[in-house]
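Engineer: Sharing start-v2.cif (mmCIF, C-alpha atoms (C1' of nucleotides)) below.
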```
data_query
loop_
_atom_site.label_atom_id
_atom_site.label_comp_id
_atom_site.auth_asym_id
_atom_site.auth_seq_id
_atom_site.Cartn_x
_atom_site.Cartn_y
_atom_site.Cartn_z
CA MET A 1 42.27 -38.24 -24.99
CA PRO A 2 45.89 -38.95 -24.49
CA GLU A 3 48.34 -36.16 -24.92
CA LEU A 4 52.11 -36.38 -24.87
CA PRO A 5 52.51 -37.50 -21.22
CA GLU A 6 49.90 -40.23 -21.56
CA VAL A 7 51.41 -41.58 -24.76
CA GLU A 8 54.88 -41.36 -23.24
CA THR A 9 53.70 -43.36 -20.24
CA ILE A 10 52.37 -46.05 -22.53
CA LYS A 11 55.55 -45.95 -24.60
CA ARG A 12 57.63 -46.63 -21.50
CA GLY A 13 55.32 -49.43 -20.50
CA LEU A 14 55.72 -51.03 -23.92
CA ASP A 15 59.50 -50.65 -23.67
CA ALA A 16 59.39 -52.79 -20.57
CA THR A 17 56.99 -55.40 -21.86
CA ILE A 18 56.93 -56.13 -25.58
CA ILE A 19 60.40 -55.38 -26.94
CA GLY A 20 61.87 -58.59 -28.29
CA GLN A 21 58.53 -60.33 -28.26
CA ARG A 22 57.14 -62.06 -31.31
CA ILE A 23 53.61 -61.32 -32.45
CA VAL A 24 51.99 -64.59 -33.42
CA ASP A 25 48.45 -63.52 -34.03
CA LEU A 26 46.34 -60.50 -34.67
CA GLU A 27 42.63 -60.15 -34.11
CA ILE A 28 40.90 -57.25 -35.80
CA LEU A 29 37.47 -56.66 -34.36
CA LEU A 30 36.73 -53.42 -36.20
CA PRO A 31 38.27 -53.40 -39.68
CA LYS A 32 38.15 -49.64 -40.19
CA MET A 33 40.57 -49.17 -37.29
CA PHE A 34 43.30 -51.32 -38.80
CA ILE A 35 45.01 -49.98 -41.88
CA GLY A 36 47.56 -52.11 -43.68
CA ASP A 37 48.32 -55.77 -44.15
CA PRO A 38 48.05 -57.95 -41.03
CA ALA A 39 50.42 -60.40 -42.72
CA ASN A 40 53.22 -57.87 -42.24
CA VAL A 41 52.65 -58.02 -38.51
CA ILE A 42 52.02 -61.67 -37.81
CA GLY A 43 55.26 -63.51 -37.17
CA SER A 44 57.27 -60.35 -36.60
CA VAL A 45 59.34 -59.34 -33.61
CA VAL A 46 59.09 -56.00 -31.82
CA GLU A 47 62.38 -54.13 -32.12
CA ASN A 48 61.77 -50.62 -30.89
CA ILE A 49 59.10 -48.27 -29.58
CA SER A 50 59.05 -44.55 -30.14
CA ARG A 51 56.70 -41.62 -29.83
CA LYS A 52 56.17 -38.77 -32.25
CA GLY A 53 53.99 -36.20 -30.57
CA LYS A 54 50.91 -38.18 -29.62
CA LEU A 55 51.66 -40.94 -32.12
CA LEU A 56 53.07 -44.24 -30.98
CA VAL A 57 55.39 -46.09 -33.36
CA ILE A 58 56.23 -49.76 -32.83
CA ASP A 59 59.04 -50.98 -35.07
CA ILE A 60 58.78 -54.62 -35.98
CA ARG A 61 60.88 -56.97 -38.09
CA ASN A 62 59.19 -59.63 -40.11
CA ASP A 63 61.96 -62.22 -40.37
CA LYS A 64 59.86 -65.16 -41.47
CA ASN A 65 61.92 -65.56 -44.60
CA GLU A 66 65.24 -65.49 -42.77
CA ALA A 67 66.08 -62.50 -44.91
CA SER A 68 67.48 -60.50 -42.05
CA GLY A 69 68.75 -57.08 -42.92
CA ASP A 70 66.32 -56.77 -45.77
CA ILE A 71 64.72 -53.39 -45.36
CA ASN A 72 61.51 -54.76 -46.83
CA ASP A 73 61.05 -56.87 -43.74
CA GLU A 74 61.06 -53.79 -41.53
CA PHE A 75 57.63 -52.44 -40.74
CA SER A 76 56.20 -50.08 -38.19
CA ILE A 77 52.89 -50.17 -36.42
CA MET A 78 51.66 -46.63 -35.94
CA ILE A 79 49.05 -46.24 -33.25
CA HIS A 80 47.07 -43.09 -32.63
CA LEU A 81 44.80 -43.14 -29.61
CA LYS A 82 42.93 -39.94 -30.48
CA MET A 83 40.26 -39.30 -27.82
CA THR A 84 39.51 -42.63 -26.19
CA GLY A 85 42.17 -45.08 -27.32
CA GLN A 86 43.77 -47.38 -24.78
CA LEU A 87 46.54 -49.94 -24.92
CA ILE A 88 46.29 -52.55 -22.22
CA PHE A 89 48.82 -55.26 -21.66
CA LYS A 90 47.96 -58.58 -20.09
CA SER A 91 51.01 -60.55 -19.15
CA GLN A 92 51.38 -64.23 -18.59
CA THR A 93 54.76 -63.72 -17.01
CA LEU A 94 55.12 -61.98 -13.67
CA GLU A 95 58.53 -60.50 -14.40
CA ALA A 96 57.37 -58.73 -17.51
CA PHE A 97 57.13 -55.32 -15.90
CA ALA A 98 60.23 -53.22 -15.38
CA GLY A 99 61.91 -53.45 -12.01
CA GLY A 100 60.79 -57.01 -11.47
CA HIS A 101 57.64 -55.86 -9.70
CA PRO A 102 54.77 -58.28 -9.78
CA ILE A 103 52.00 -57.60 -12.23
CA PRO A 104 49.27 -55.58 -10.60
CA PRO A 105 45.74 -56.76 -11.25
CA LEU A 106 44.14 -55.11 -14.26
CA ASN A 107 41.85 -52.23 -13.38
CA THR A 108 40.31 -52.48 -16.79
CA PRO A 109 39.18 -55.97 -17.69
CA VAL A 110 40.02 -56.94 -21.25
CA PRO A 111 38.84 -57.78 -23.74
CA ASN A 112 35.75 -55.65 -23.42
CA LYS A 113 33.21 -53.88 -25.57
CA SER A 114 35.67 -51.29 -26.82
CA THR A 115 38.44 -53.74 -27.70
CA LYS A 116 39.14 -53.33 -31.41
CA VAL A 117 42.50 -54.97 -32.09
CA ILE A 118 44.26 -57.74 -30.16
CA PHE A 119 47.96 -58.51 -30.48
CA GLN A 120 48.85 -62.00 -29.35
CA PHE A 121 52.48 -62.71 -28.45
CA GLU A 122 54.34 -65.98 -28.56
CA SER A 123 54.87 -65.80 -24.80
CA GLY A 124 51.14 -65.78 -24.23
CA ASP A 125 51.16 -62.08 -23.40
CA ILE A 126 48.42 -60.06 -25.04
CA LEU A 127 48.17 -56.39 -25.99
CA TYR A 128 44.68 -54.96 -26.34
CA PHE A 129 43.88 -51.85 -28.34
CA ASN A 130 40.62 -50.40 -27.06
CA ASP A 131 38.83 -47.39 -28.45
CA LEU A 132 35.34 -46.51 -27.39
CA ARG A 133 34.74 -43.73 -29.87
CA THR A 134 36.75 -45.44 -32.61
CA PHE A 135 38.57 -42.29 -33.69
CA GLY A 136 41.99 -43.88 -33.30
CA TYR A 137 43.80 -46.25 -35.60
CA VAL A 138 46.43 -48.91 -35.96
CA LYS A 139 48.35 -48.52 -39.19
CA VAL A 140 51.10 -50.74 -40.56
CA VAL A 141 53.58 -49.31 -43.03
CA LEU A 142 57.11 -50.02 -44.20
CA ARG A 143 59.37 -48.57 -41.56
CA LYS A 144 61.22 -46.41 -44.06
CA LEU A 145 57.93 -44.82 -45.05
CA VAL A 146 56.85 -43.70 -41.58
CA SER A 147 58.51 -40.34 -42.07
CA GLU A 148 56.59 -39.93 -45.33
CA GLU A 149 53.25 -40.27 -43.58
CA LEU A 150 51.29 -37.07 -43.89
CA PHE A 151 50.59 -36.91 -40.18
CA VAL A 152 54.23 -37.49 -39.25
CA LYS A 153 55.47 -34.97 -41.79
CA SER A 154 53.15 -32.33 -40.41
CA LEU A 155 54.36 -32.68 -36.82
CA GLY A 156 56.19 -29.76 -35.31
CA VAL A 157 58.94 -29.66 -32.74
CA GLU A 158 59.08 -32.43 -30.16
CA PRO A 159 59.13 -30.88 -26.66
CA PHE A 160 61.66 -33.39 -25.36
CA GLY A 161 63.50 -33.86 -28.63
CA GLY A 162 66.36 -31.51 -27.82
CA ASP A 163 65.54 -28.80 -30.32
CA PHE A 164 62.67 -27.29 -28.37
CA THR A 165 64.32 -24.24 -26.87
CA ALA A 166 63.06 -20.83 -25.80
CA THR A 167 64.57 -19.49 -29.00
CA LYS A 168 62.75 -22.10 -31.04
CA LEU A 169 59.44 -21.21 -29.41
CA ASN A 170 60.14 -17.58 -30.15
CA GLU A 171 60.79 -18.35 -33.81
CA LEU A 172 57.47 -20.20 -34.05
CA ILE A 173 55.73 -17.30 -32.34
CA GLU A 174 57.25 -14.80 -34.77
CA LYS A 175 55.93 -16.90 -37.64
CA ARG A 176 52.40 -16.94 -36.25
CA LYS A 177 51.92 -13.59 -34.60
CA ASN A 178 48.26 -13.23 -35.47
CA MET A 179 47.22 -16.66 -34.36
CA ASN A 180 45.35 -17.25 -31.16
CA ILE A 181 47.68 -18.64 -28.51
CA LYS A 182 45.49 -21.57 -27.58
CA ALA A 183 44.97 -22.58 -31.20
CA PHE A 184 48.71 -22.24 -31.69
CA LEU A 185 49.55 -24.53 -28.79
CA LEU A 186 46.96 -27.10 -29.83
CA ASP A 187 48.16 -27.20 -33.43
CA GLN A 188 50.52 -30.15 -33.75
CA LYS A 189 52.44 -28.59 -36.60
CA TYR A 190 54.11 -26.07 -34.30
CA ILE A 191 54.66 -28.05 -31.11
CA ALA A 192 53.81 -31.75 -31.14
CA GLY A 193 52.13 -33.31 -28.16
CA LEU A 194 50.09 -30.65 -26.38
CA GLY A 195 46.35 -31.19 -26.14
CA ASN A 196 43.55 -29.44 -24.32
CA ILE A 197 44.58 -30.29 -20.77
CA TYR A 198 48.24 -29.39 -20.97
CA THR A 199 47.53 -26.32 -23.05
CA ASP A 200 45.22 -24.87 -20.40
CA GLU A 201 47.72 -25.81 -17.70
CA ALA A 202 50.72 -24.32 -19.49
CA LEU A 203 48.88 -21.05 -20.15
CA PHE A 204 47.90 -20.81 -16.52
CA PHE A 205 51.45 -21.20 -15.28
CA ALA A 206 52.63 -18.75 -17.90
CA GLY A 207 50.06 -16.23 -16.65
CA VAL A 208 48.70 -15.81 -20.17
CA LEU A 209 45.01 -15.73 -21.08
CA PRO A 210 44.04 -18.35 -23.66
CA THR A 211 42.34 -15.66 -25.73
CA ARG A 212 45.53 -13.70 -26.38
CA LEU A 213 47.17 -13.47 -29.77
CA VAL A 214 50.53 -15.19 -30.04
CA GLY A 215 52.32 -12.05 -31.11
CA SER A 216 51.09 -10.09 -28.11
CA LEU A 217 53.20 -12.09 -25.68
CA ASN A 218 56.11 -10.09 -24.36
CA HIS A 219 59.58 -11.48 -23.86
CA GLY A 220 58.98 -12.53 -20.28
CA GLU A 221 55.70 -14.24 -21.11
CA ARG A 222 57.30 -16.16 -23.93
CA GLN A 223 60.06 -17.38 -21.66
CA LEU A 224 57.57 -18.33 -18.96
CA LEU A 225 55.36 -20.11 -21.47
CA TYR A 226 58.34 -22.10 -22.67
CA GLU A 227 59.18 -23.20 -19.16
CA SER A 228 55.54 -23.90 -18.34
CA ILE A 229 55.08 -26.15 -21.36
CA LEU A 230 58.02 -28.28 -20.34
CA SER A 231 57.14 -28.35 -16.68
CA VAL A 232 53.49 -29.36 -17.13
CA LEU A 233 54.47 -32.07 -19.57
CA GLU A 234 57.17 -33.36 -17.22
CA LYS A 235 54.76 -33.35 -14.34
CA GLY A 236 52.26 -35.22 -16.47
CA ILE A 237 54.79 -37.90 -17.28
CA ASN A 238 55.89 -38.18 -13.66
CA LEU A 239 52.28 -38.68 -12.60
CA GLN A 240 51.69 -41.27 -15.31
CA GLY A 241 49.35 -39.04 -17.25
CA ALA A 242 45.99 -37.44 -16.75
CA SER A 243 42.99 -39.68 -16.37
CA LYS A 244 39.60 -38.12 -16.74
CA THR A 245 37.61 -41.04 -17.95
CA SER A 246 39.19 -43.31 -20.45
CA TYR A 247 42.92 -42.93 -20.17
CA VAL A 248 44.69 -45.80 -18.46
CA ASN A 249 48.27 -46.95 -18.60
CA LEU A 250 49.33 -50.33 -19.95
CA ALA A 251 48.25 -52.03 -16.76
CA GLY A 252 44.82 -50.48 -17.08
CA LYS A 253 45.51 -48.07 -14.22
CA LEU A 254 44.59 -44.43 -13.99
CA GLY A 255 47.19 -41.68 -14.11
CA THR A 256 47.10 -39.12 -11.31
CA PHE A 257 47.80 -35.84 -13.09
CA MET A 258 44.15 -34.84 -12.88
CA SER A 259 44.33 -34.59 -9.11
CA ASP A 260 47.18 -32.14 -9.51
CA VAL A 261 45.69 -29.94 -12.16
CA ALA A 262 45.53 -26.16 -11.66
CA VAL A 263 42.74 -25.10 -14.00
CA TYR A 264 41.63 -27.90 -16.30
CA GLN A 265 38.08 -28.91 -15.35
CA ARG A 266 38.28 -26.96 -12.13
CA THR A 267 35.51 -24.59 -13.18
CA GLY A 268 34.22 -22.62 -10.18
CA LYS A 269 36.85 -24.02 -7.87
CA PRO A 270 39.34 -21.65 -6.24
CA CYS A 271 42.44 -20.72 -8.18
CA ILE A 272 45.44 -22.33 -6.50
CA CYS A 273 47.17 -18.97 -6.63
CA CYS A 274 44.61 -16.25 -5.82
CA GLY A 275 41.57 -18.24 -4.66
CA ARG A 276 39.23 -16.68 -7.19
CA PRO A 277 36.98 -19.09 -9.10
CA ILE A 278 38.36 -20.72 -12.21
CA GLU A 279 36.37 -19.76 -15.27
CA LYS A 280 35.42 -21.79 -18.28
CA ILE A 281 34.62 -20.65 -21.78
CA LYS A 282 34.33 -22.31 -25.14
CA HIS A 283 37.29 -21.17 -27.15
CA VAL A 284 38.81 -22.52 -30.35
CA GLY A 285 36.01 -25.05 -30.18
CA ARG A 286 37.27 -26.47 -26.91
CA GLY A 287 36.45 -26.17 -23.26
CA THR A 288 38.95 -23.64 -21.97
CA HIS A 289 39.78 -23.08 -18.31
CA PHE A 290 41.61 -20.16 -16.79
CA CYS A 291 41.90 -17.66 -13.96
CA SER A 292 41.07 -14.19 -15.20
CA PHE A 293 43.03 -12.65 -12.34
CA CYS A 294 46.26 -14.63 -12.57
CA GLN A 295 46.27 -14.77 -16.34
CA LYS A 296 46.58 -11.54 -18.29
"C1'" DT B 1 41.61 -20.09 -40.03
"C1'" DG B 2 37.09 -21.79 -38.27
"C1'" DC B 3 33.53 -25.26 -38.44
"C1'" DC B 4 31.78 -29.82 -39.01
"C1'" DC B 5 32.53 -34.45 -38.66
"C1'" DC B 6 34.10 -39.17 -37.30
"C1'" DC B 7 31.73 -42.13 -32.66
"C1'" DT B 8 29.84 -43.52 -28.00
"C1'" DG B 9 28.69 -42.72 -23.25
"C1'" DC B 10 27.79 -40.09 -19.47
"C1'" DA B 11 26.78 -35.71 -16.63
"C1'" DG B 12 23.70 -32.27 -16.04
"C1'" DC C 1 17.04 -35.40 -23.27
"C1'" DT C 2 21.03 -32.11 -25.06
"C1'" DG C 3 25.55 -31.08 -24.86
"C1'" DC C 4 29.91 -32.22 -24.09
"C1'" DA C 5 34.40 -35.08 -24.14
"C1'" DG C 6 41.64 -35.28 -23.69
"C1'" DG C 7 42.18 -35.43 -31.50
"C1'" DG C 8 42.68 -34.26 -35.93
"C1'" DG C 9 41.21 -34.45 -40.99
"C1'" DG C 10 38.60 -32.15 -44.55
"C1'" DC C 11 36.06 -28.65 -46.04
"C1'" DA C 12 34.99 -23.78 -47.24
#
```
Would you put the structure from the file into structure tokens?
Structural biologist:
Amino acid sequence: MPELPEVETIKRGLDATIIGQRIVDLEILLPKMFIGDPANVIGSVVENISRKGKLLVIDIRNDKNEASGDINDEFSIMIHLKMTGQLIFKSQTLEAFAGGHPIPPLNTPVPNKSTKVIFQFESGDILYFNDLRTFGYVKVVLRKLVSEELFVKSLGVEPFGGDFTATKLNELIEKRKNMNIKAFLLDQKYIAGLGNIYTDEALFFAGVLPTRLVGSLNHGERQLLYESILSVLEKGINLQGASKTSYVNLAGKLGTFMSDVAVYQRTGKPCICCGRPIEKIKHVGRGTHFCSFCQK
DNA sequence: TGCCCCCTGCAG
DNA sequence: CTGCAGGGGGCA
């Protein structure tokens, strides 16, 4: 489910809520979803949160032995939400959210049937990892080994990492001329973070049909695609993500990107540009939405 | 590079 | 009831 904007929204929520907090207990309700040693988590303090594509990385320090500075006390919790993962934060302290706003009531009661891992903090705050389809995971590794993880190593350029430029996109395109453009955008090893929603949206705003081959894009289309990728992702972040069914932010609330979408799941509805009906096909194994008039 | 699979729930 | 769902790994 969550793509870059959804994970980024959660990342920002975690920044405002769990940094500096000590994890005092861990409840694992579905063992296959937790990889690693819980002992490396319990008793540790959250130091930093980051995002790599759609992967969330929570850096923790396990300072139980007072051996501060020892790199072997530094672990990371990697969380991948895959299709239906959720992280929901229940605070005991009203000021926990950024800006000093009061905690809104949870839209998604927790724990519930899909709760798989529960992080209990010293403050009494609780972080719930839910995953209905159980495709996601929580994985604990030594922090210095995160970059050695196969999934992390295979990630391509980060759209907001500074090195994603029009030139960079062009280089990637030149490398993969015969690949289908939608498959190319979905493949995390080229650009990290795009999923089905934002791919369809970016292609629409670039005026490019999802069935095109990468190499067939002319200079102008490449430039427009570059700008479209960034703008749909930014819009997604600004609207707190896209919520179709299962995505919610930390407070269990729905994002609003879906109400602003141009083509994704708007099959049969009028194109926002020309008014002709949006079409849907199955392409690259995914539902694919587009306007055959506005996209060439 | 394409297909199947991991799962569960819900729309059609 | 079948098919489909925002991800990605493993297999040919």
Engineer: Have a look at CA of Val140 (chain A) and CA of Ala251 (chain A) and let me know their distance in Å, one decimal.
Structural biologist: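 For CA of Val140 (chain A) relative to CA of Ala251 (chain A), the distance reads 24.0 Å.
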Engineer: List, as a ChimeraX atom specification, every residue that the PyMOL selection byres ((chain C) within 12 of (chain A)) selects in the file provided.
Structural biologist: /C:4-9
Engineer: Give the residues of chain A that lie within 7 Å of chain B; count all atoms listed in the file, and format the answer as a ChimeraX atom specification.
Structural biologist: /A:132-135
Engineer: I need the residues from that last selection saved to file as a JSON list (two decimals), in the coordinates of the input (with C-alpha atoms), if you can.
Structural biologist:
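Generated file (again-v4.json):
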```json
[["chain", "number", "residue", "atom", "x", "y", "z"],
["A", 132, "LEU", "CA", 35.34, -46.51, -27.39],
["A", 133, "ARG", "CA", 34.74, -43.73, -29.87],
["A", 134, "THR", "CA", 36.75, -45.44, -32.61],
["A", 135, "PHE", "CA", 38.57, -42.29, -33.69]]
```
Engineer: At a cut-off of 10 Å, using all atoms listed in the file, what residues contact Asn178 (chain A)? Leave out same-chain residues fewer than 4 positions from it and give the result as a PyMOL selection string.
Structural biologist: chain A and resi 173-174+184+212-216
Engineer: Separation of CA of Val157 (chain A) and CA of Gly36 (chain A), in Å?
Structural biologist: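 Pair CA of Val157 (chain A) / CA of Gly36 (chain A) returns 27.4 Å.
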Engineer: Just give me the gap between CA of Lys253 (chain A) and CA of Tyr128 (chain A) in Å, one decimal is fine.
Structural biologist: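 Here the two named atoms are 14.0 Å from each other.
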Engineer: Can you turn the PyMOL selection byres ((chain A and resi 29) around 6) into a concrete residue list for this file, as a list in words?
Structural biologist: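 Written out, the selection comes to Ile28, Leu30, Lys116 and Val117 of chain A.
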Engineer: Write out as a list in words each polymer residue whose atoms come within 10 Å of region 270-276 of chain A, counting only C-alpha atoms (C1' of nucleotides); drop sequence neighbours fewer than 4 positions from it.
Structural biologist: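 Returned residues: Phe204, Phe205, Val261, Ala262, Val263, Arg266, Phe290, Cys291, Ser292, Phe293 and Cys294 of chain A.
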Engineer: Counting all atoms listed in the file, which residues have an atom no more than 6 Å from (57.9, -50.4, -32.9) in the file's coordinates? Please list them as number ranges by chain.
Structural biologist: A: 46-49, 57-60, 76
Engineer: Could region 111-122 of chain A be completed with all heavy atoms and written as a compact mmCIF listing (two decimals), in the frame of the given file, please?
Structural biologist:
```txt
# COMPACT_ATOMS: atom_id res chain seq x y z
N PRO A 111 39.44 -58.71 -22.80
CA PRO A 111 38.84 -57.78 -23.74
C PRO A 111 37.49 -57.29 -23.24
O PRO A 111 36.86 -57.93 -22.40
CB PRO A 111 38.67 -58.62 -25.00
CG PRO A 111 38.57 -60.03 -24.51
CD PRO A 111 39.43 -60.10 -23.29
N ASN A 112 37.07 -56.17 -23.76
CA ASN A 112 35.75 -55.65 -23.42
C ASN A 112 35.11 -55.07 -24.67
O ASN A 112 35.64 -55.20 -25.77
CB ASN A 112 35.84 -54.63 -22.28
CG ASN A 112 36.72 -53.45 -22.66
OD1 ASN A 112 36.61 -52.91 -23.76
ND2 ASN A 112 37.59 -53.06 -21.75
N LYS A 113 34.01 -54.41 -24.47
CA LYS A 113 33.21 -53.88 -25.57
C LYS A 113 34.00 -52.97 -26.52
O LYS A 113 33.74 -52.94 -27.72
CB LYS A 113 32.06 -53.09 -24.95
CG LYS A 113 30.86 -52.89 -25.81
CD LYS A 113 29.76 -52.24 -24.98
CE LYS A 113 28.71 -51.61 -25.88
NZ LYS A 113 27.72 -50.87 -25.08
N SER A 114 34.96 -52.23 -25.97
CA SER A 114 35.67 -51.29 -26.82
C SER A 114 36.98 -51.85 -27.37
O SER A 114 37.74 -51.14 -28.01
CB SER A 114 35.92 -49.98 -26.07
OG SER A 114 36.72 -50.20 -24.95
N THR A 115 37.24 -53.11 -27.13
CA THR A 115 38.44 -53.74 -27.70
C THR A 115 38.28 -53.87 -29.22
O THR A 115 37.28 -54.41 -29.70
CB THR A 115 38.66 -55.13 -27.07
OG1 THR A 115 38.81 -54.98 -25.66
CG2 THR A 115 39.91 -55.78 -27.65
N LYS A 116 39.25 -53.33 -29.95
CA LYS A 116 39.14 -53.33 -31.41
C LYS A 116 40.23 -54.14 -32.10
O LYS A 116 40.01 -54.66 -33.19
CB LYS A 116 39.19 -51.88 -31.94
CG LYS A 116 38.19 -50.93 -31.29
CD LYS A 116 36.76 -51.40 -31.45
CE LYS A 116 35.80 -50.48 -30.71
NZ LYS A 116 34.47 -51.07 -30.55
N VAL A 117 41.42 -54.18 -31.51
CA VAL A 117 42.50 -54.97 -32.09
C VAL A 117 43.22 -55.70 -30.95
O VAL A 117 43.45 -55.12 -29.89
CB VAL A 117 43.52 -54.08 -32.84
CG1 VAL A 117 44.64 -54.93 -33.45
CG2 VAL A 117 42.83 -53.27 -33.94
N ILE A 118 43.55 -56.96 -31.18
CA ILE A 118 44.26 -57.74 -30.16
C ILE A 118 45.55 -58.28 -30.75
O ILE A 118 45.54 -58.93 -31.80
CB ILE A 118 43.38 -58.92 -29.67
CG1 ILE A 118 42.05 -58.40 -29.13
CG2 ILE A 118 44.12 -59.73 -28.61
CD1 ILE A 118 41.05 -59.51 -28.76
N PHE A 119 46.67 -57.97 -30.07
CA PHE A 119 47.96 -58.51 -30.48
C PHE A 119 48.31 -59.67 -29.55
O PHE A 119 48.40 -59.48 -28.33
CB PHE A 119 49.06 -57.45 -30.36
CG PHE A 119 48.85 -56.24 -31.22
CD1 PHE A 119 48.05 -55.18 -30.80
CD2 PHE A 119 49.46 -56.15 -32.47
CE1 PHE A 119 47.88 -54.06 -31.59
CE2 PHE A 119 49.28 -55.03 -33.29
CZ PHE A 119 48.49 -53.98 -32.84
N GLN A 120 48.52 -60.82 -30.15
CA GLN A 120 48.85 -62.00 -29.35
C GLN A 120 50.34 -62.31 -29.52
O GLN A 120 50.83 -62.45 -30.63
CB GLN A 120 48.01 -63.18 -29.86
CG GLN A 120 48.26 -64.48 -29.16
CD GLN A 120 47.51 -64.57 -27.84
OE1 GLN A 120 46.31 -64.38 -27.81
NE2 GLN A 120 48.23 -64.84 -26.77
N PHE A 121 51.05 -62.42 -28.39
CA PHE A 121 52.48 -62.71 -28.45
C PHE A 121 52.76 -64.18 -28.21
O PHE A 121 51.96 -64.90 -27.59
CB PHE A 121 53.24 -61.85 -27.42
CG PHE A 121 53.17 -60.39 -27.73
CD1 PHE A 121 52.20 -59.58 -27.13
CD2 PHE A 121 54.06 -59.80 -28.62
CE1 PHE A 121 52.12 -58.23 -27.41
CE2 PHE A 121 53.98 -58.45 -28.91
CZ PHE A 121 53.01 -57.66 -28.30
N GLU A 122 53.92 -64.58 -28.68
CA GLU A 122 54.34 -65.98 -28.56
C GLU A 122 54.38 -66.42 -27.10
O GLU A 122 54.06 -67.55 -26.76
CB GLU A 122 55.74 -66.14 -29.18
CG GLU A 122 56.14 -67.55 -29.51
CD GLU A 122 57.37 -67.58 -30.41
OE1 GLU A 122 58.23 -66.68 -30.29
OE2 GLU A 122 57.47 -68.49 -31.22
```
